[in-house]
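K.L.:
Just passing along the structure, written as structure tokens.
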Amino acid sequence: MAVLLIGSGGREHALAYAFSRSQIDGDIYCTPGNGGIAQLATCIDLDVTDHRSVIDFCENNEVGLVVVGPELPLVDGLVDSLEAKGIKAFGPTKAAAQLEGSKAFTKQLCRKYEIPTADYEVFEEVGAAQIYLNDCSYPIVIKADGLAAGKGVVIADDQAQAKQAVQDCFDGRFGEAGTSIVIEECLVGEEASFFAICDGEYAMELPTAQDHKCAYEGDTGPNTGGMGAYSPAPVMTSEMCQRTMDEIIMPTLKGMKAEGAPFKGVLFAGLMITSKGPELIEYNVRFGDPECQVLIARLRSDLLPVMRASCDGKLDALVNEFDDRPAVTVVMASNGYPGAYESGSEIKGLEEAAGDPDIMIFHAGTKNQDGRILASGGRVLNITALGETVSQARDKAYAAIEKIDWPQGFYRKDIGWRAIEREKETM
């Protein structure tokens, strides 16, 4: 069975790595891929917004499963187009992908099916939103309704900042994503990432994770796509995981089925663990990046049969096995990221850095040019390590980074600090 993987980031390299270890025999294709994925798969150039071209490739190359990595093709309905032609695709339909594509849709689903989340209101014009802010408690959260590449959220400390954020949205700062907005209370607690693979009715729980969004140490600086992650998240105890399944994941699956849009694929719940328990911040409808990297590092079973079972509605017959050891991934990014940065610098020492069997280096923004690995993006490498503790995994990752020769890159030096502080408390 040939597999077509869609995407180009560290998440997709991690998935390609998992597919390369599968017992299911067949070619692995990826579009567009990157310098690391090209070592595991045949990278091809397809316009994934042209669904016909993806379908033609699948039919001409006997592709038995398409795995969609990023959110845009999912929200665009690529899965629907593939399924209409009898091609299995791992991921939600366009209707189900509204869980990520529209924050208002998700909040309204939560209200209807009593899923714990922050109180909110939805607005489609600036005047009503500005009036609403006059009587709010602060801080408060303003979110563009649609996809805004992770940049459509503002936590406003006061009314003036909130009103400016609302005005910016309706003035087109986030394009079509900001033509409708959600204003919601600011939850207080500790964030965590919870993942489940779903088949429309059944949910297979995956390990938890926590990521680091801010660019610099001490969780300071601008928000990024993620500068590192670790798994598991210590705040997600067995009790908290069970509550998340019972109070958030399963009611969502039941609600989506009742709404005529059963959810299949990865359901990624961004949670705030508050004094009341887990509350939903938002949903993503695909693996997180860089959270996927630490999940795949811990994975010990074959992922492809699980993905096929998700498509077929037969997940309850399978189990996933994971390494008990924690994993840490540290993102190496181009100097200047998340602002302006230069591409084209050469990265050396990767083979030596990956010499330890507990080290995996997942590429994100790279390309292979005449045998040389060059930086070609903002987030460039994900140095991922397993260890007996988070501290040990972190130390292995940083030791590997020391062997990489890339002066044009930077990384945070405190990835995993929350978990490590907890480890110290138990010593």
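Residue numbering restarts at 1 for every chain of the structure tokens, chains are lettered A, B, ... in their displayed order, and ligands are numbered from 1 as they appear.
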Give me the stretch 116-233 of chain A side of the contact with stretch 237-260 of chain A, cut-off 8 Å, one line per residue showing its nearest atom pair and distance in Å at one decimal, counting only C-alpha atoms, sorted by chain and residue number, as a Markdown table.
P.N.:
```
| residue | atom | partner | partner_atom | distance |
| --- | --- | --- | --- | --- |
| A:Pro116 | CA | A:Ile248 | CA | 7.0 |
| A:Ala196 | CA | A:Ile249 | CA | 7.9 |
| A:Gly200 | CA | A:Leu253 | CA | 6.5 |
| A:Glu201 | CA | A:Leu253 | CA | 6.1 |
| A:Tyr202 | CA | A:Leu253 | CA | 7.9 |
| A:Ala203 | CA | A:Met250 | CA | 7.3 |
| A:Glu205 | CA | A:Met245 | CA | 8.0 |
```
K.L.:
What residues in stretch 246-314 of chain A get the DSSP label strand (DSSP E)? Please answer as a ChimeraX atom specification.
P.N.:
/A:264-274,277-284
K.L.:
Using only C-alpha atoms for the distances, tell me which of A:Gly64, A:Gly35, A:Gly127, A:Gly146 is nearest to A:Val182.
P.N.:
A:Gly146
K.L.:
Select, from A:Asp289, A:Val328, A:Ser53, A:Lys151, the residue with the minimum atom-to-atom distance to A:Gly175, counting only C-alpha atoms.
P.N.:
A:Lys151
K.L.:
Taking only C-alpha atoms into account, name the residue in A:Asn223, A:Asn284, A:Thr49, A:Asn320 that is nearest to A:Ser301.
P.N.:
A:Asn320
K.L.:
Using only C-alpha atoms, determine which residues lie at most 12 Å from A:Asp395, disregarding the query and same-chain residues fewer than 2 positions distant; provide the list as a PyMOL selection string.
P.N.:
chain A and resi 327-330+358-359+383-393+397-402+413-417+420
K.L.:
Using only C-alpha atoms, find each residue of stretch 246-295 of chain A with at least one atom at most 12 Å away from an atom of stretch 81-92 of chain A; report its shortest atom-to-atom pair and that distance in Å (one decimal), sort the rows by chain and rising residue number, and return the result as JSON lines.
P.N.:
```
{"residue": "A:Leu253", "atom": "CA", "partner": "A:Pro92", "partner_atom": "CA", "distance": 11.9}
{"residue": "A:Met256", "atom": "CA", "partner": "A:Pro92", "partner_atom": "CA", "distance": 11.1}
{"residue": "A:Ala261", "atom": "CA", "partner": "A:Pro92", "partner_atom": "CA", "distance": 8.9}
{"residue": "A:Pro262", "atom": "CA", "partner": "A:Pro92", "partner_atom": "CA", "distance": 8.2}
{"residue": "A:Phe263", "atom": "CA", "partner": "A:Pro92", "partner_atom": "CA", "distance": 5.7}
{"residue": "A:Lys264", "atom": "CA", "partner": "A:Pro92", "partner_atom": "CA", "distance": 5.0}
{"residue": "A:Gly265", "atom": "CA", "partner": "A:Gly91", "partner_atom": "CA", "distance": 4.1}
{"residue": "A:Val266", "atom": "CA", "partner": "A:Gly91", "partner_atom": "CA", "distance": 6.7}
{"residue": "A:Leu267", "atom": "CA", "partner": "A:Pro92", "partner_atom": "CA", "distance": 9.2}
{"residue": "A:Phe268", "atom": "CA", "partner": "A:Gly91", "partner_atom": "CA", "distance": 11.9}
{"residue": "A:Asn284", "atom": "CA", "partner": "A:Pro92", "partner_atom": "CA", "distance": 10.8}
{"residue": "A:Val285", "atom": "CA", "partner": "A:Pro92", "partner_atom": "CA", "distance": 7.1}
{"residue": "A:Arg286", "atom": "CA", "partner": "A:Gly91", "partner_atom": "CA", "distance": 7.2}
{"residue": "A:Phe287", "atom": "CA", "partner": "A:Gly91", "partner_atom": "CA", "distance": 10.1}
```
K.L.:
If you run DSSP on the backbone, which residues of stretch 29-105 of chain A are alpha helix (DSSP H), as a list in words?
P.N.:
His51, Arg52, Ser53, Val54, Ile55, Asp56, Phe57, Cys58, Glu59, Asn60, Glu71, Leu72, Pro73, Leu74, Val75, Leu78, Val79, Asp80, Ser81, Leu82, Glu83, Ala84, Gln98, Leu99, Glu100, Gly101, Lys103, Ala104 and Phe105 of chain A
K.L.:
Produce a file of the selected residues containing C-alpha atoms, as an mmCIF file, in the first residue's frame.
P.N.:
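What follows is the written file selection_19.cif:
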```
data_model
loop_
_atom_site.group_PDB
_atom_site.id
_atom_site.type_symbol
_atom_site.label_atom_id
_atom_site.label_comp_id
_atom_site.auth_asym_id
_atom_site.auth_seq_id
_atom_site.Cartn_x
_atom_site.Cartn_y
_atom_site.Cartn_z
ATOM 1 C CA HIS A 51 -7.874 18.403 -5.549
ATOM 2 C CA ARG A 52 -8.023 16.836 -9.008
ATOM 3 C CA SER A 53 -4.223 16.759 -9.233
ATOM 4 C CA VAL A 54 -3.978 14.971 -5.871
ATOM 5 C CA ILE A 55 -6.632 12.462 -6.937
ATOM 6 C CA ASP A 56 -4.867 11.821 -10.243
ATOM 7 C CA PHE A 57 -1.553 11.187 -8.474
ATOM 8 C CA CYS A 58 -3.184 8.755 -6.062
ATOM 9 C CA GLU A 59 -4.922 6.843 -8.848
ATOM 10 C CA ASN A 60 -1.787 6.699 -10.992
ATOM 11 C CA GLU A 71 -4.938 22.223 8.761
ATOM 12 C CA LEU A 72 -5.484 24.240 5.573
ATOM 13 C CA PRO A 73 -6.120 21.274 3.216
ATOM 14 C CA LEU A 74 -8.462 19.766 5.828
ATOM 15 C CA VAL A 75 -10.522 22.935 6.183
ATOM 16 C CA LEU A 78 -9.455 17.691 0.546
ATOM 17 C CA VAL A 79 -10.592 14.639 2.514
ATOM 18 C CA ASP A 80 -14.109 14.972 1.057
ATOM 19 C CA SER A 81 -12.745 15.086 -2.498
ATOM 20 C CA LEU A 82 -10.546 12.022 -1.963
ATOM 21 C CA GLU A 83 -13.257 9.985 -0.272
ATOM 22 C CA ALA A 84 -15.674 10.802 -3.113
ATOM 23 C CA GLN A 98 -14.796 23.386 11.417
ATOM 24 C CA LEU A 99 -13.642 22.459 14.921
ATOM 25 C CA GLU A 100 -10.394 24.190 13.980
ATOM 26 C CA GLY A 101 -11.549 26.297 11.056
ATOM 27 C CA LYS A 103 -13.654 29.117 16.739
ATOM 28 C CA ALA A 104 -17.264 30.278 16.863
ATOM 29 C CA PHE A 105 -18.448 26.862 15.643
#
```
K.L.:
At a cut-off of 7 Å, using only C-alpha atoms, what residues contact A:Ile404? Leave out same-chain residues fewer than 6 positions from it and give the result as a PyMOL selection string.
P.N.:
chain A and resi 348-350+353
K.L.:
Tell me, as a list in words, which residues lie within 12 Å of A:Gln39, counting only C-alpha atoms; anything in the same chain fewer than 3 positions away does not count.
P.N.:
His13, Ala16, Tyr17, Ser20, Ile28, Tyr29, Cys30, Gly33, Asn34, Gly35, Gly36, Thr42, Cys43, Phe362, His363, Lys367, Asn368, Gly371 and Ile373 of chain A
K.L.:
Within 9 Å of A:Asp157, counting only C-alpha atoms, which residues qualify if same-chain residues fewer than 3 places away don't, as number ranges by chain?
P.N.:
A: 138-141, 160-162
K.L.:
Could the residues in this selection be written to a file with N, CA and C atoms, as a PDB file, in the first residue's frame?
P.N.:
```pdb
ATOM      1  N   TYR A 138     -11.329  42.095  33.038  1.00  0.00           N
ATOM      2  CA  TYR A 138     -10.049  41.952  32.336  1.00  0.00           C
ATOM      3  C   TYR A 138      -9.040  41.244  33.223  1.00  0.00           C
ATOM      4  N   PRO A 139      -8.083  40.505  32.567  1.00  0.00           N
ATOM      5  CA  PRO A 139      -7.839  40.378  31.123  1.00  0.00           C
ATOM      6  C   PRO A 139      -8.937  39.595  30.413  1.00  0.00           C
ATOM      7  N   ILE A 140      -8.986  39.769  29.089  1.00  0.00           N
ATOM      8  CA  ILE A 140      -9.975  39.103  28.264  1.00  0.00           C
ATOM      9  C   ILE A 140      -9.305  38.673  26.957  1.00  0.00           C
ATOM     10  N   VAL A 141      -9.891  37.698  26.277  1.00  0.00           N
ATOM     11  CA  VAL A 141      -9.278  37.127  25.079  1.00  0.00           C
ATOM     12  C   VAL A 141     -10.114  37.461  23.855  1.00  0.00           C
ATOM     13  N   ALA A 160      -8.823  49.360  26.719  1.00  0.00           N
ATOM     14  CA  ALA A 160      -8.239  50.042  25.560  1.00  0.00           C
ATOM     15  C   ALA A 160      -7.540  49.051  24.638  1.00  0.00           C
ATOM     16  N   GLN A 161      -6.779  48.142  25.201  1.00  0.00           N
ATOM     17  CA  GLN A 161      -6.087  47.139  24.405  1.00  0.00           C
ATOM     18  C   GLN A 161      -7.088  46.213  23.724  1.00  0.00           C
ATOM     19  N   ALA A 162      -8.161  45.861  24.429  1.00  0.00           N
ATOM     20  CA  ALA A 162      -9.176  44.982  23.858  1.00  0.00           C
ATOM     21  C   ALA A 162      -9.883  45.656  22.685  1.00  0.00           C
TER      22      ALA A 162
END
```
K.L.:
Rank nothing, just name the residue among A:Leu315, A:Ala156, A:Ala118, A:Met227 nearest to A:Arg379, using only C-alpha atoms.
P.N.:
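Between A:Leu315, A:Ala156, A:Ala118, A:Met227, the residue approaching A:Arg379 most closely is A:Met227.
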K.L.:
Write out as a PyMOL selection string which residues come within 12 Å of A:Ser345 when counting only C-alpha atoms, dropping same-chain ones fewer than 5 positions away.
P.N.:
chain A and resi 333-335+365-369+372-377+380+405-409
K.L.:
Would you write out those residues with N, CA and C atoms, as a CSV table (one decimal), in the first residue's frame?
P.N.:
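Done, and the output landed in out.csv:
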```
chain,number,residue,atom,x,y,z
A,333,ALA,N,15.8,27.3,15.3
A,333,ALA,CA,15.1,28.2,14.4
A,333,ALA,C,16.1,29.2,13.8
A,334,SER,N,15.8,29.8,12.7
A,334,SER,CA,16.7,30.8,12.0
A,334,SER,C,16.7,32.0,12.8
A,335,ASN,N,17.9,32.6,13.0
A,335,ASN,CA,18.0,33.9,13.7
A,335,ASN,C,17.0,34.9,13.1
A,365,GLY,N,12.1,23.3,8.3
A,365,GLY,CA,12.5,24.2,7.2
A,365,GLY,C,13.8,23.9,6.6
A,366,THR,N,14.0,22.8,5.9
A,366,THR,CA,15.3,22.5,5.3
A,366,THR,C,15.0,22.1,3.8
A,367,LYS,N,16.1,22.1,3.1
A,367,LYS,CA,16.1,21.5,1.7
A,367,LYS,C,17.5,20.9,1.5
A,368,ASN,N,17.5,19.9,0.6
A,368,ASN,CA,18.7,19.2,0.3
A,368,ASN,C,19.2,19.7,-1.1
A,369,GLN,N,20.3,20.4,-1.1
A,369,GLN,CA,20.8,20.9,-2.4
A,369,GLN,C,22.2,20.3,-2.6
A,372,ARG,N,23.9,18.9,0.3
A,372,ARG,CA,24.1,19.8,1.5
A,372,ARG,C,22.7,20.2,2.0
A,373,ILE,N,22.6,20.1,3.4
A,373,ILE,CA,21.3,20.5,4.0
A,373,ILE,C,21.4,22.0,4.3
A,374,LEU,N,20.4,22.7,3.7
A,374,LEU,CA,20.3,24.2,3.8
A,374,LEU,C,19.0,24.6,4.6
A,375,ALA,N,19.1,25.6,5.4
A,375,ALA,CA,18.0,26.2,6.1
A,375,ALA,C,17.1,26.9,5.0
A,376,SER,N,15.8,26.6,5.2
A,376,SER,CA,14.8,27.2,4.2
A,376,SER,C,13.5,27.7,4.9
A,377,GLY,N,13.6,27.9,6.2
A,377,GLY,CA,12.4,28.3,6.9
A,377,GLY,C,12.7,29.0,8.2
A,380,VAL,N,13.5,25.2,11.8
A,380,VAL,CA,14.3,24.5,10.9
A,380,VAL,C,14.6,23.0,11.3
A,405,ASP,N,26.6,22.2,13.6
A,405,ASP,CA,27.4,23.4,13.2
A,405,ASP,C,26.4,24.2,12.4
A,406,TRP,N,25.8,25.2,13.0
A,406,TRP,CA,24.9,26.1,12.3
A,406,TRP,C,24.8,27.5,13.0
A,407,PRO,N,25.7,28.3,12.8
A,407,PRO,CA,25.8,29.6,13.5
A,407,PRO,C,24.6,30.5,13.3
A,408,GLN,N,23.9,30.3,12.2
A,408,GLN,CA,22.7,31.1,11.8
A,408,GLN,C,21.4,30.7,12.6
A,409,GLY,N,21.5,29.8,13.5
A,409,GLY,CA,20.3,29.3,14.2
A,409,GLY,C,20.4,29.7,15.7
```
K.L.:
Using only C-alpha atoms, which of A:Ser8, A:Gln164, A:Thr208, A:Thr220 sits nearest A:Met236?
P.N.:
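Result for the nearest residue to A:Met236: A:Thr208.
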